[in-house]
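Asker: You'll find start_14.cif just under this line, and it carries mmCIF, C-alpha atoms and all ligand atoms.
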```cif
data_query
loop_
_atom_site.label_atom_id
_atom_site.label_comp_id
_atom_site.auth_asym_id
_atom_site.auth_seq_id
_atom_site.Cartn_x
_atom_site.Cartn_y
_atom_site.Cartn_z
CA MET D 15 144.81 81.08 64.21
CA GLY D 16 147.15 79.11 66.47
CA VAL D 17 149.87 81.74 66.21
CA ALA D 18 147.44 84.61 66.73
CA SER D 19 145.86 83.11 69.80
CA ALA D 20 149.28 82.43 71.32
CA MET D 21 150.05 86.15 71.24
CA PRO D 22 149.08 88.16 74.29
CA GLU D 23 145.95 90.11 73.58
CA THR D 24 146.09 93.88 73.92
CA ALA D 25 143.53 95.71 76.03
CA GLU D 26 142.48 97.58 72.89
CA HIS D 27 141.69 94.42 70.99
CA TRP D 28 139.92 92.86 73.95
CA ALA D 29 137.83 96.01 74.46
CA GLU D 30 136.90 95.99 70.79
CA LYS D 31 135.51 92.47 71.10
CA ILE D 32 133.55 93.42 74.20
CA ARG D 33 132.03 96.43 72.47
CA ALA D 34 130.99 94.10 69.68
CA GLY D 35 129.16 91.97 72.27
CA ASP D 36 131.47 88.93 72.09
CA VAL D 37 130.16 86.74 74.93
CA ARG D 38 133.49 85.04 75.65
CA ALA D 39 135.38 88.33 75.71
CA ILE D 40 132.78 89.70 78.15
CA ALA D 41 133.03 86.64 80.39
CA ARG D 42 136.84 86.85 80.46
CA ALA D 43 136.67 90.56 81.27
CA ILE D 44 134.40 89.92 84.23
CA THR D 45 136.75 87.25 85.52
CA ALA D 46 139.67 89.67 85.12
CA VAL D 47 137.77 92.31 87.08
CA GLU D 48 136.86 89.82 89.81
CA ASN D 49 140.45 88.69 90.18
CA GLN D 50 141.86 92.20 89.79
CA ASN D 51 144.00 90.89 86.98
CA ALA D 52 146.80 93.26 85.95
CA LEU D 53 145.05 93.96 82.64
CA ALA D 54 141.68 94.81 84.19
CA ASP D 55 142.43 98.49 84.78
CA ASP D 56 143.77 98.94 81.26
CA LEU D 57 140.72 97.21 79.87
CA LEU D 58 138.27 99.33 81.89
CA LYS D 59 140.13 102.42 80.74
CA GLN D 60 139.55 101.36 77.15
CA LEU D 61 135.91 100.52 77.80
CA PHE D 62 134.92 103.60 79.77
CA PRO D 63 134.24 105.93 76.82
CA ALA D 64 131.74 103.35 75.55
CA THR D 65 129.77 103.31 78.81
CA GLY D 66 127.01 105.44 80.24
CA ALA D 67 124.07 104.33 78.14
CA ALA D 68 122.89 101.30 80.12
CA TYR D 69 120.08 101.61 82.66
CA LEU D 70 121.03 99.91 85.87
CA ILE D 71 118.27 98.45 88.03
CA GLY D 72 119.09 97.24 91.52
CA CYS D 73 116.85 94.61 93.03
CA THR D 74 117.27 93.99 96.72
CA GLY D 75 115.45 92.28 99.57
CA ALA D 76 115.71 89.47 102.08
CA PRO D 77 116.72 85.96 100.95
CA GLY D 78 113.86 83.96 99.49
CA THR D 79 111.63 86.92 98.66
CA GLY D 80 111.77 86.01 94.98
CA LYS D 81 114.39 88.43 93.65
CA SER D 82 115.97 85.96 91.25
CA THR D 83 112.59 84.88 89.94
CA LEU D 84 111.56 88.50 89.50
CA VAL D 85 114.81 89.55 87.83
CA ASP D 86 114.42 86.61 85.48
CA ARG D 87 110.87 87.68 84.56
CA LEU D 88 111.92 91.31 84.14
CA ALA D 89 114.76 90.24 81.86
CA ALA D 90 112.34 88.19 79.80
CA ARG D 91 110.05 91.23 79.43
CA TYR D 92 112.91 93.41 78.26
CA ARG D 93 114.04 90.75 75.82
CA THR D 94 110.54 90.57 74.38
CA ALA D 95 110.85 94.29 73.73
CA GLU D 96 114.15 93.65 71.88
CA HIS D 97 116.34 95.11 74.61
CA SER D 98 119.58 93.39 75.56
CA VAL D 99 120.06 92.58 79.22
CA GLY D 100 122.90 91.90 81.62
CA ILE D 101 122.26 90.30 84.99
CA ILE D 102 124.62 90.40 87.95
CA ALA D 103 123.56 88.26 90.89
CA VAL D 104 125.39 89.13 94.09
CA ASP D 105 124.81 86.69 96.88
CA PRO D 106 126.74 87.11 100.10
CA THR D 107 125.00 84.13 101.68
CA SER D 108 126.52 81.59 99.38
CA PRO D 109 129.94 81.05 97.88
CA PHE D 110 130.26 80.58 94.14
CA THR D 111 129.49 76.87 94.26
CA GLY D 112 126.63 77.36 96.73
CA GLY D 113 123.15 75.98 96.31
CA ALA D 114 121.33 79.27 95.84
CA ILE D 115 123.52 80.43 93.00
CA LEU D 116 123.42 77.05 91.38
CA GLY D 117 119.64 77.22 91.64
CA ASP D 118 119.70 80.65 90.03
CA ARG D 119 121.81 79.38 87.20
CA ILE D 120 119.54 76.48 86.50
CA ARG D 121 116.45 78.63 86.69
CA MET D 122 117.93 81.22 84.41
CA GLN D 123 118.92 78.66 81.85
CA GLY D 124 115.72 79.47 80.04
CA HIS D 125 117.82 82.21 78.48
CA ALA D 126 120.89 80.08 77.88
CA GLY D 127 120.77 80.18 74.09
CA ASP D 128 120.07 83.91 73.99
CA SER D 129 123.24 85.95 73.46
CA ALA D 130 121.46 89.26 74.11
CA ILE D 131 121.15 88.27 77.73
CA PHE D 132 124.24 87.83 79.85
CA ILE D 133 124.07 86.40 83.36
CA ARG D 134 126.81 86.33 85.90
CA SER D 135 126.79 85.37 89.56
CA VAL D 136 129.46 86.87 91.76
CA ALA D 137 130.44 85.50 95.11
CA THR D 138 131.20 88.00 97.79
CA ARG D 139 133.70 85.91 99.62
CA GLY D 140 137.09 86.18 98.07
CA PHE D 141 136.09 89.13 95.96
CA LEU D 142 139.23 91.23 95.84
CA GLY D 143 138.96 94.92 96.44
CA GLY D 144 135.39 95.12 97.66
CA LEU D 145 132.07 93.85 96.48
CA ALA D 146 130.53 97.16 95.52
CA ARG D 147 133.50 98.23 93.43
CA GLY D 148 133.69 94.84 91.75
CA THR D 149 130.01 94.89 90.90
CA ALA D 150 130.33 98.43 89.56
CA ASP D 151 133.21 97.42 87.31
CA ILE D 152 131.34 94.38 86.04
CA ALA D 153 128.45 96.71 85.27
CA LEU D 154 130.86 98.90 83.26
CA VAL D 155 131.86 95.88 81.18
CA LEU D 156 128.22 95.01 80.46
CA ASP D 157 127.45 98.66 79.75
CA ALA D 158 130.29 98.85 77.22
CA ALA D 159 129.03 95.61 75.69
CA GLY D 160 125.87 97.51 74.81
CA LYS D 161 123.43 96.00 77.27
CA HIS D 162 120.39 98.25 77.48
CA TYR D 163 119.41 97.09 80.95
CA ILE D 164 121.65 95.79 83.70
CA LEU D 165 119.83 94.06 86.52
CA VAL D 166 121.73 93.64 89.78
CA GLU D 167 120.33 91.33 92.44
CA THR D 168 121.60 91.85 95.97
CA VAL D 169 120.54 90.48 99.34
CA GLY D 170 119.45 92.74 102.17
CA VAL D 171 120.38 96.29 102.98
CA GLY D 172 123.91 96.02 104.38
CA GLN D 173 126.63 98.53 103.57
CA ASP D 174 127.76 96.67 100.46
CA GLU D 175 124.21 96.65 99.16
CA VAL D 176 123.72 100.32 99.90
CA ASP D 177 126.92 101.02 97.96
CA ILE D 178 125.60 98.99 95.06
CA VAL D 179 122.34 100.92 95.25
CA ARG D 180 124.27 104.17 94.94
CA LEU D 181 125.35 102.89 91.57
CA ALA D 182 121.83 101.95 90.45
CA ASP D 183 119.64 104.22 88.36
CA CYS D 184 116.54 102.68 89.90
CA THR D 185 116.23 100.57 93.04
CA ILE D 186 113.54 97.99 93.66
CA VAL D 187 113.00 96.64 97.17
CA VAL D 188 111.24 93.29 97.25
CA LEU D 189 108.98 92.46 100.19
CA VAL D 190 106.72 89.48 100.81
CA PRO D 191 103.63 88.96 102.99
CA GLY D 192 104.44 87.84 106.50
CA MET D 193 107.33 90.19 107.02
CA GLY D 194 105.35 93.10 108.46
CA ASP D 195 107.46 93.35 111.57
CA ASP D 196 110.62 93.42 109.53
CA ILE D 197 109.29 96.45 107.73
CA GLN D 198 109.12 98.36 110.97
CA SER D 199 112.75 97.62 111.71
CA MET D 200 114.00 98.18 108.19
CA LYS D 201 111.93 101.31 107.72
CA ALA D 202 114.64 103.93 107.60
CA GLY D 203 117.00 101.94 105.39
CA LEU D 204 114.25 100.92 103.01
CA MET D 205 112.78 104.38 102.69
CA GLU D 206 116.15 105.75 101.84
CA ILE D 207 116.88 103.41 98.97
CA ALA D 208 113.61 102.26 97.38
CA ASP D 209 112.32 103.93 94.24
CA ILE D 210 109.82 101.12 93.81
CA PHE D 211 108.50 98.61 96.33
CA VAL D 212 107.46 95.22 95.07
CA VAL D 213 105.07 93.13 97.13
CA ASN D 214 105.96 89.74 95.69
CA LYS D 215 104.22 86.47 96.48
CA SER D 216 100.95 88.34 96.32
CA ASP D 217 99.30 84.97 95.87
CA ARG D 218 99.88 84.52 99.57
CA GLU D 219 97.74 85.68 102.42
CA GLY D 220 98.64 89.07 103.84
CA ALA D 221 99.51 90.87 100.60
CA ASP D 222 96.75 93.46 101.19
CA ARG D 223 97.97 94.17 104.68
CA LEU D 224 101.58 94.47 103.58
CA GLU D 225 100.68 96.85 100.78
CA GLN D 226 98.71 98.99 103.23
CA GLN D 227 101.64 99.04 105.63
CA VAL D 228 104.03 100.17 102.94
CA GLN D 229 101.59 102.79 101.68
CA ALA D 230 101.12 104.08 105.24
CA MET D 231 104.87 104.29 105.67
CA LEU D 232 105.13 106.23 102.41
CA GLU D 233 102.45 108.68 103.51
CA LEU D 234 104.69 109.73 106.35
CA ALA D 235 107.86 109.97 104.33
CA PRO D 236 108.78 113.11 102.46
CA GLU D 237 108.91 112.79 98.69
CA ARG D 238 112.41 112.40 97.35
CA ASN D 239 113.02 114.83 94.51
CA GLY D 240 109.37 114.85 93.62
CA TRP D 241 109.02 111.08 93.36
CA LYS D 242 106.68 109.07 95.54
CA PRO D 243 107.84 105.44 95.51
CA ARG D 244 105.37 103.09 93.84
CA VAL D 245 104.11 99.87 95.33
CA ILE D 246 103.64 97.08 92.79
CA ARG D 247 102.13 93.71 93.57
CA THR D 248 103.60 90.72 91.78
CA VAL D 249 103.52 86.97 91.62
CA ALA D 250 106.88 86.47 90.00
CA THR D 251 106.45 82.74 89.51
CA GLU D 252 103.33 83.40 87.41
CA ASP D 253 104.68 86.53 85.71
CA ARG D 254 101.85 88.52 87.26
CA GLY D 255 102.46 92.23 87.84
CA VAL D 256 105.76 92.17 85.98
CA LEU D 257 104.48 94.30 83.11
CA GLU D 258 103.24 96.85 85.68
CA LEU D 259 106.69 96.77 87.23
CA THR D 260 108.39 97.55 83.91
CA GLN D 261 105.92 100.44 83.55
CA ALA D 262 106.79 101.78 87.01
CA ILE D 263 110.49 101.54 86.15
CA ALA D 264 109.88 103.41 82.89
CA ASP D 265 107.94 106.10 84.77
CA PHE D 266 110.73 106.53 87.29
CA ARG D 267 113.27 106.70 84.50
CA LYS D 268 111.27 109.40 82.76
CA HIS D 269 110.96 111.28 86.03
CA SER D 270 114.65 111.18 86.90
CA ASP D 271 116.39 111.31 83.52
CA GLY D 272 118.00 114.67 83.07
CA SER D 273 116.98 115.86 86.54
CA PRO D 274 119.50 117.86 88.59
CA ALA D 275 119.13 115.38 91.46
CA ARG D 276 120.09 112.51 89.20
CA ALA D 277 123.10 114.39 87.85
CA ALA D 278 124.19 115.27 91.39
CA LYS D 279 123.86 111.61 92.43
CA LYS D 280 126.18 110.59 89.61
CA VAL D 281 128.77 113.19 90.54
CA GLU D 282 128.56 112.12 94.17
CA TYR D 283 128.99 108.49 93.11
CA TRP D 284 132.09 109.17 91.03
CA LYS D 285 133.56 111.35 93.71
CA ARG D 286 133.39 108.39 96.08
CA ARG D 287 134.94 106.12 93.49
CA LEU D 288 137.77 108.58 92.86
CA VAL D 289 138.51 108.97 96.55
CA GLU D 290 138.46 105.20 96.95
CA ARG D 291 140.94 104.79 94.15
CA LEU D 292 143.16 107.57 95.41
CA GLU D 293 143.23 105.92 98.83
CA GLN D 294 144.18 102.61 97.27
CA GLN D 295 146.92 104.04 95.11
CA LEU D 296 148.38 106.32 97.75
CA LEU D 297 148.44 103.46 100.21
CA HIS D 298 150.15 101.34 97.62
CA ARG D 299 152.78 104.04 97.12
CA ALA D 300 153.28 104.65 100.82
CA ILE D 301 153.60 100.95 101.59
CA PRO D 302 155.02 99.44 98.41
CA GLY D 303 155.28 95.65 98.22
CA ARG D 304 156.97 93.40 100.73
CA GLU D 305 159.50 96.01 101.74
CA GLY D 306 156.66 98.44 102.53
CA ALA D 307 154.80 95.80 104.52
CA ARG D 308 158.00 95.07 106.47
CA ARG D 309 158.48 98.77 107.26
CA LEU D 310 154.86 99.06 108.36
CA ASP D 311 155.29 96.08 110.71
CA ALA D 312 158.47 97.57 112.14
CA CYS D 313 156.74 100.91 112.74
CA ALA D 314 153.75 99.24 114.40
CA ILE D 315 156.08 97.43 116.81
CA GLU D 316 157.87 100.66 117.65
CA VAL D 317 154.58 102.44 118.32
CA ALA D 318 153.16 99.53 120.35
CA GLU D 319 156.30 99.56 122.51
CA ARG D 320 156.01 103.33 122.88
CA ARG D 321 159.38 103.86 121.26
CA LYS D 322 157.79 106.10 118.64
CA ASP D 323 154.54 108.04 118.47
CA PRO D 324 152.08 107.17 115.65
CA PHE D 325 152.23 110.66 114.15
CA THR D 326 155.98 110.53 113.65
CA ALA D 327 155.66 106.93 112.43
CA VAL D 328 153.35 108.00 109.59
CA GLN D 329 155.61 110.93 108.73
CA ASP D 330 158.56 108.55 108.60
CA LEU D 331 156.70 106.09 106.37
CA LEU D 332 155.74 108.84 103.96
CA ARG D 333 159.26 110.25 103.92
CA ASP D 334 160.81 106.82 103.32
CA ALA D 335 158.41 106.31 100.41
CA GLY D 336 159.45 109.67 99.00
CA LEU D 337 155.99 111.18 99.47
N1 LIG D 401 104.21 81.56 95.93
C1 LIG D 401 105.15 82.25 95.33
N2 LIG D 401 106.41 81.81 95.32
C2 LIG D 401 107.36 82.56 94.71
C3 LIG D 401 107.05 83.78 94.08
N3 LIG D 401 108.20 84.30 93.59
C4 LIG D 401 109.19 83.42 93.89
N4 LIG D 401 108.68 82.37 94.56
C5 LIG D 401 109.41 81.21 95.08
O1 LIG D 401 110.18 81.62 96.20
C6 LIG D 401 111.40 80.88 96.26
C7 LIG D 401 112.59 81.83 96.35
O2 LIG D 401 112.71 82.52 95.11
P1 LIG D 401 114.06 83.19 94.63
O3 LIG D 401 113.76 83.90 93.35
O4 LIG D 401 115.17 82.21 94.62
O5 LIG D 401 114.31 84.23 95.81
P2 LIG D 401 115.60 85.13 96.14
O6 LIG D 401 116.36 84.43 97.20
O7 LIG D 401 115.03 86.41 96.64
O8 LIG D 401 116.38 85.29 94.87
C8 LIG D 401 111.44 80.00 95.03
O9 LIG D 401 110.99 78.72 95.39
C9 LIG D 401 110.43 80.66 94.11
O10 LIG D 401 109.83 79.76 93.21
C10 LIG D 401 105.69 84.22 94.10
O11 LIG D 401 105.34 85.29 93.60
N5 LIG D 401 104.80 83.42 94.74
MG MG D 402 118.43 84.90 94.40
#
```
Since I need it in another form, could you write the structure as structure tokens?
Ligand SMILES: Nc1nc2c(ncn2[C@@H]2O[C@H](COP(=O)(O)OP(=O)(O)O)[C@@H](O)[C@H]2O)c(=O)[nH]1
Ligand SMILES: [Mg+2]

Answerer:
Amino acid sequence: MGVASAMPETAEHWAEKIRAGDVRAIARAITAVENQNALADDLLKQLFPATGAAYLIGCTGAPGTGKSTLVDRLAARYRTAEHSVGIIAVDPTSPFTGGAILGDRIRMQGHAGDSAIFIRSVATRGFLGGLARGTADIALVLDAAGKHYILVETVGVGQDEVDIVRLADCTIVVLVPGMGDDIQSMKAGLMEIADIFVVNKSDREGADRLEQQVQAMLELAPERNGWKPRVIRTVATEDRGVLELTQAIADFRKHSDGSPARAAKKVEYWKRRLVERLEQQLLHRAIPGREGARRLDACAIEVAERRKDPFTAVQDLLRDAGL
């Protein structure tokens, strides 16, 4: 064993372990993706043919609305139905060692001994190569590992979150009573991304009013591809409404699976990913390593001092790189 483990592991072998659901191999793969380890691309290449079966649910909303609690309850429901689950918690408000994530970890420890559920928090700060891409690649790893459901928790509706939502098969927006005014301001963004609205903390005063507000907002909005977003009331801490939520998710899945709109969304998503990767790689070729960075600096100085125009500078950079 000692000799074997001292040998560098091939991407093929690593991928095989992930496909078999090996928890340690999965954890190492996610770390490799996060750090953009040299092997990560090779590994993802190996894993890709085994992906595409997982159902990815995005859960977004303001901090403190109960997303982690809800995701935890949803995961428990899916586990009860014998489905395996992966959870990715993305929290831009706290670094990896932050209180919120630590809280999440402790709370989610109810599943600690359960290997069919895999939980990973990712910090946004220090995430190389972009949060949305990183999250998407982690989702690929969990997908290849055979997770039936992948739950992604994100905060708010910033650009990163919207990019993550583009990846999701179904998006849940979590609201809580007492944020009526926020709804007005978030209206457009929310309408665009939510397949299901959850009114969490329905044990609090104002749940009726909030639900009415959301319903009223939905009345005015055009249906998206024949789907009218549902509004589900929950008390995540008491597991109330969670079964109804799984039902709404199942209904949406049935509605969108195999639909042309869904297929077009996937193509659009991958087109963006391909362009992103092309940009990265072309940039890398045009400005290779330290020497490239030095040439770029030199060009920038020349342009700033008006000794060269930016158009010629780019042409020169491309020519020097043999492109
Ligand atoms: N009263 C009430 N509290 C809740 C409910 N859901 C979550 N909470 C509490 O709200 C706080 C924030 O929950 P958390 O899941 O961490 O929110 P997140 O920041 O959106 O992930 C915690 O103290 C939860 O126990 C609910 O339905 N009712
Ligand atoms: Mg949370």

Asker: Could you give me, as a Markdown table, a per-residue list for chain D showing, wherever an atom lies at most 7 Å from an atom of ligand LIG 401 (chain D), the closest pair of atoms and their distance in Å to one decimal, using all atoms listed in the file and sorting by chain then residue number from low to high?

Answerer:
```
| residue | atom | partner | partner_atom | distance |
| --- | --- | --- | --- | --- |
| D:Gly75 | CA | D:LIG401 | O7 | 6.6 |
| D:Ala76 | CA | D:LIG401 | O7 | 6.3 |
| D:Pro77 | CA | D:LIG401 | O6 | 4.1 |
| D:Gly78 | CA | D:LIG401 | O6 | 3.4 |
| D:Thr79 | CA | D:LIG401 | O7 | 4.0 |
| D:Gly80 | CA | D:LIG401 | O5 | 3.2 |
| D:Lys81 | CA | D:LIG401 | O7 | 3.7 |
| D:Ser82 | CA | D:LIG401 | O3 | 3.7 |
| D:Thr83 | CA | D:LIG401 | O3 | 3.7 |
| D:Leu84 | CA | D:LIG401 | O3 | 6.4 |
| D:Ala114 | CA | D:LIG401 | O4 | 6.9 |
| D:Asp118 | CA | D:LIG401 | O4 | 6.6 |
| D:Asn214 | CA | D:LIG401 | O11 | 5.0 |
| D:Lys215 | CA | D:LIG401 | O11 | 3.3 |
| D:Ser216 | CA | D:LIG401 | O11 | 6.0 |
| D:Asp217 | CA | D:LIG401 | N5 | 5.8 |
| D:Arg218 | CA | D:LIG401 | N1 | 6.4 |
| D:Thr248 | CA | D:LIG401 | O11 | 6.0 |
| D:Val249 | CA | D:LIG401 | O11 | 3.2 |
| D:Ala250 | CA | D:LIG401 | O11 | 4.1 |
| D:Thr251 | CA | D:LIG401 | N3 | 4.7 |
| D:Glu252 | CA | D:LIG401 | O11 | 6.8 |
```

Asker: Go ahead and compute the interatomic distance for CA of Lys59 in chain D and CA of His27 in chain D, in Å to one decimal.

Answerer: 12.7 Å

Asker: Please report the interatomic distance between CA of Ile207 in chain D and CA of Thr74 in chain D in Å with one decimal.

Answerer: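 We find that CA of Ile207 in chain D and CA of Thr74 in chain D lie 9.7 Å from each other.
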
Asker: Go through D:Leu53, D:Val188, D:Ala327, D:Met231 and flag the residue nearest ligand MG 402 (chain D), using all atoms listed in the file for the distances.

Answerer: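 Looking at the shortest contact to ligand MG 402 (chain D), the residue is D:Val188.
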
Asker: Counting all atoms listed in the file, which residues have an atom no more than 10 Å from (135.6, 96.7, 76.3) in the file's coordinates? Please list them as a compact mmCIF listing (two decimals) with C-alpha atoms, keeping the file's coordinate frame.

Answerer:
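What follows is the written file out-v2.txt:
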```
# COMPACT_ATOMS: atom_id res chain seq x y z
CA ALA D 25 143.53 95.71 76.03
CA GLU D 26 142.48 97.58 72.89
CA HIS D 27 141.69 94.42 70.99
CA TRP D 28 139.92 92.86 73.95
CA ALA D 29 137.83 96.01 74.46
CA GLU D 30 136.90 95.99 70.79
CA LYS D 31 135.51 92.47 71.10
CA ILE D 32 133.55 93.42 74.20
CA ARG D 33 132.03 96.43 72.47
CA ALA D 34 130.99 94.10 69.68
CA GLY D 35 129.16 91.97 72.27
CA ASP D 36 131.47 88.93 72.09
CA ALA D 39 135.38 88.33 75.71
CA ILE D 40 132.78 89.70 78.15
CA ALA D 43 136.67 90.56 81.27
CA ASP D 56 143.77 98.94 81.26
CA LEU D 57 140.72 97.21 79.87
CA LEU D 58 138.27 99.33 81.89
CA LYS D 59 140.13 102.42 80.74
CA GLN D 60 139.55 101.36 77.15
CA LEU D 61 135.91 100.52 77.80
CA PHE D 62 134.92 103.60 79.77
CA PRO D 63 134.24 105.93 76.82
CA ALA D 64 131.74 103.35 75.55
CA THR D 65 129.77 103.31 78.81
CA LEU D 154 130.86 98.90 83.26
CA VAL D 155 131.86 95.88 81.18
CA LEU D 156 128.22 95.01 80.46
CA ASP D 157 127.45 98.66 79.75
CA ALA D 158 130.29 98.85 77.22
CA ALA D 159 129.03 95.61 75.69
CA GLY D 160 125.87 97.51 74.81
```

Asker: Could you name the residues that touch Lys161 in chain D at 9 Å or less, counting only C-alpha atoms, but leaving out those on the same chain fewer than 4 positions away, as a PyMOL selection string?

Answerer: chain D and resi 35+67-69+97-100+130-132+156-157

Asker: Please determine, counting only C-alpha atoms, which residue among D:Val104, D:Leu292, D:Ile71, D:Leu234 has the shortest atom-to-atom distance to Ala182 in chain D.

Answerer: D:Ile71

Asker: Kindly give the distance, in Å, that separates CA of Ala146 in chain D and CA of Ile178 in chain D, rounded to a single decimal.

Answerer: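 Between CA of Ala146 in chain D and CA of Ile178 in chain D the gap is 5.3 Å.
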
Asker: Rank nothing, just name the residue among D:Arg244, D:Ala103, D:Glu290, D:Val47 nearest to ligand MG 402 (chain D), using only C-alpha atoms and all ligand atoms.

Answerer: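 Residue with the minimum atom-to-atom distance to ligand MG 402 (chain D): D:Ala103.
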
Asker: May I ask which of the residues D:Gly240, D:Leu88, D:Glu96, D:Val169 is the closest one to ligand MG 402 (chain D), counting only C-alpha atoms and all ligand atoms?

Answerer: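 Residue with the minimum atom-to-atom distance to ligand MG 402 (chain D): D:Val169.
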